[in-house]
Amino acid sequence: EDVGWAVVRVGAVWLGLVLALIVVPSALGVSLGISEAYMWVLVKTLEWATIRIEKGVKKPRPQMLKTPAANGIIERDETPMEKEIARLHRVDFEFSDIFYFCRKGFEAIVEDEVTQRFSSEELVSWNLLTRTNVNFHYISLRLTVVWVIGVIVRYCFLLPLRFTLAAIGITSMIVGTTVVGQLPNSSVKNYLSELVHLTCSRILVRALSGTICYHNKENKPQKGGICVANHTSPIDAIILTNDGCYAMVGQVHGGLMGVIQRATVKACPHVWFERSEIKDRHLVTKRLREHVADKSKLPILIFPEGTCINNTSVMMFKKGSFEIGGTIYPVAIKYDPQFGDAFWNSSKYNIVSYLLRIMTSWAIVCNVWYMPPMVREEGEDAVQFANRVKSAIARQGGLTELPWDGGLKRAKVKDTFREEQQKNYSKMLVRNGSVG
């Protein structure tokens, strides 16, 4: 009995400290400097670890935290296929003419442009987490001790703290939106709904030890518009709602996510679709157009890639988001992988495993750029508009722009792509006009 009361008292003290030092300040939008001090200690520790690693492997010191590691192992020639093949044109066919296609085939087998975008970004130096391709923690005894201390801190202190904050944030979201949802539609209800969403998002960001820098706030999405952003993780939505409120778009889920969806939609006009409805493109477009037409409703938040990419590139934007009409507000999100890997490889990890990895990382550090609003130009179709927005986001975020569909994460390449390569090859063989 005494042990039980002791556990209760410890739990009460723990909860009181969390509420007083983190939850209340985050709800009020203020900081006590704890996060800043934690990040300062973390950066200094990682810098020290980098120096120890360099001494151990006897290599020149890389620019830690500044220069991202190359994510590829092949040095590719960026010359377009048409020009490459044009160089091969001679009077007679030679067997060496096929070498270009052989090289491209080998490159695709070893490391194609698509597959590498669904694996974690490589780092310049080890960040004292378990994700690494070299066992750096065995270089020296000091480094091993620091790594062990880091494991204890992350799993015995940060994980319980973050779990507590996440539970408080989610519970507050469900209770708050349910209560607000009972009020009649009015400006007061809208204000309270936005306040609940913003407050709970701030608590959830603290649960991730999030350090986020928002740029160009004068370009923040406005009501009646559509916010589109590159997609790395489910936490992208939390990162954005930490600085403003949005109407979410997505499929109705079951379990805890379903409870949250049903509670939030009562207080805010989120756009949730049943599984059967989301396959009806015309119905989806109609619902979204109706939402955008009401200038009093929150901007819609959409991730046009449709799947998570590892934050090194931006892949094809689905055109549906750009057929709705209205103003598009592009947003570029770039995470710093040195402090934690935000990318969710849903083919490899389920949501529980992913959240465990996130909550046992050092922190989530990222930059968010609000970009000038864009509208569809005269004579521009939805695909061209989508590509223009995608290019702008890639440039701003320092990401590689790729034409491939992120759906290739789980699907095969379309036959038309293979046929295009075959046609170019046949044109080279028969010499019957221009290539491409």
# chains A, B, ... in the order shown; residues from 1 in each chain; ligands from 1
>>> closest_atom_pairs(of="stretch 174-225 of chain A", to="stretch 355-366 of chain A", cutoff="9 Å", atoms="only C-alpha atoms", output="CSV")
residue,atom,partner,partner_atom,distance
A:Val205,CA,A:Ile364,CA,8.7
A:Ala207,CA,A:Met359,CA,7.7
A:Leu208,CA,A:Ile364,CA,6.1
A:Ser209,CA,A:Ala363,CA,4.9
A:Gly210,CA,A:Ile364,CA,4.7
A:Thr211,CA,A:Val365,CA,4.8
A:Ile212,CA,A:Cys366,CA,5.1
A:Cys213,CA,A:Cys366,CA,6.6
A:Tyr214,CA,A:Cys366,CA,8.8
>>> residues_around(residues="stretch 147-158 of chain A", least_positions_apart="4", cutoff="12 Å", atoms="only C-alpha atoms", output="PyMOL selection string")
chain A and resi 14+18+38+42+45-46+49+126-130+135-143+162-166+206-209+340+356-363
>>> select_by_dssp(residues="stretch 242-280 of chain A", states="strand (DSSP E or B)", output="list in words")
Ala247, Met248, Val249, Gly250, Gln251, Val271, Trp272 and Phe273 of chain A
>>> closest_atom_pairs(of="stretch 278-307 of chain A", to="stretch 170-194 of chain A", cutoff="10 Å", atoms="only C-alpha atoms", output="Markdown table")
| residue | atom | partner | partner_atom | distance |
| --- | --- | --- | --- | --- |
| A:Ser296 | CA | A:Asn190 | CA | 9.6 |
| A:Lys297 | CA | A:Asn190 | CA | 9.1 |
| A:Leu298 | CA | A:Glu194 | CA | 9.3 |
>>> atom_distance(atom1="atom CA of A:Ile393", atom2="atom CA of A:Thr312")
12.2 Å
>>> closest_residue(among="A:Ala247, A:Ile260, A:Val271, A:Leu402", to="A:Val314", atoms="only C-alpha atoms")
A:Leu402
>>> residues_around(residues="A:Ile34", least_positions_apart="3", cutoff="9 Å", atoms="only C-alpha atoms", output="number ranges by chain")
A: 21-22, 31, 37-39
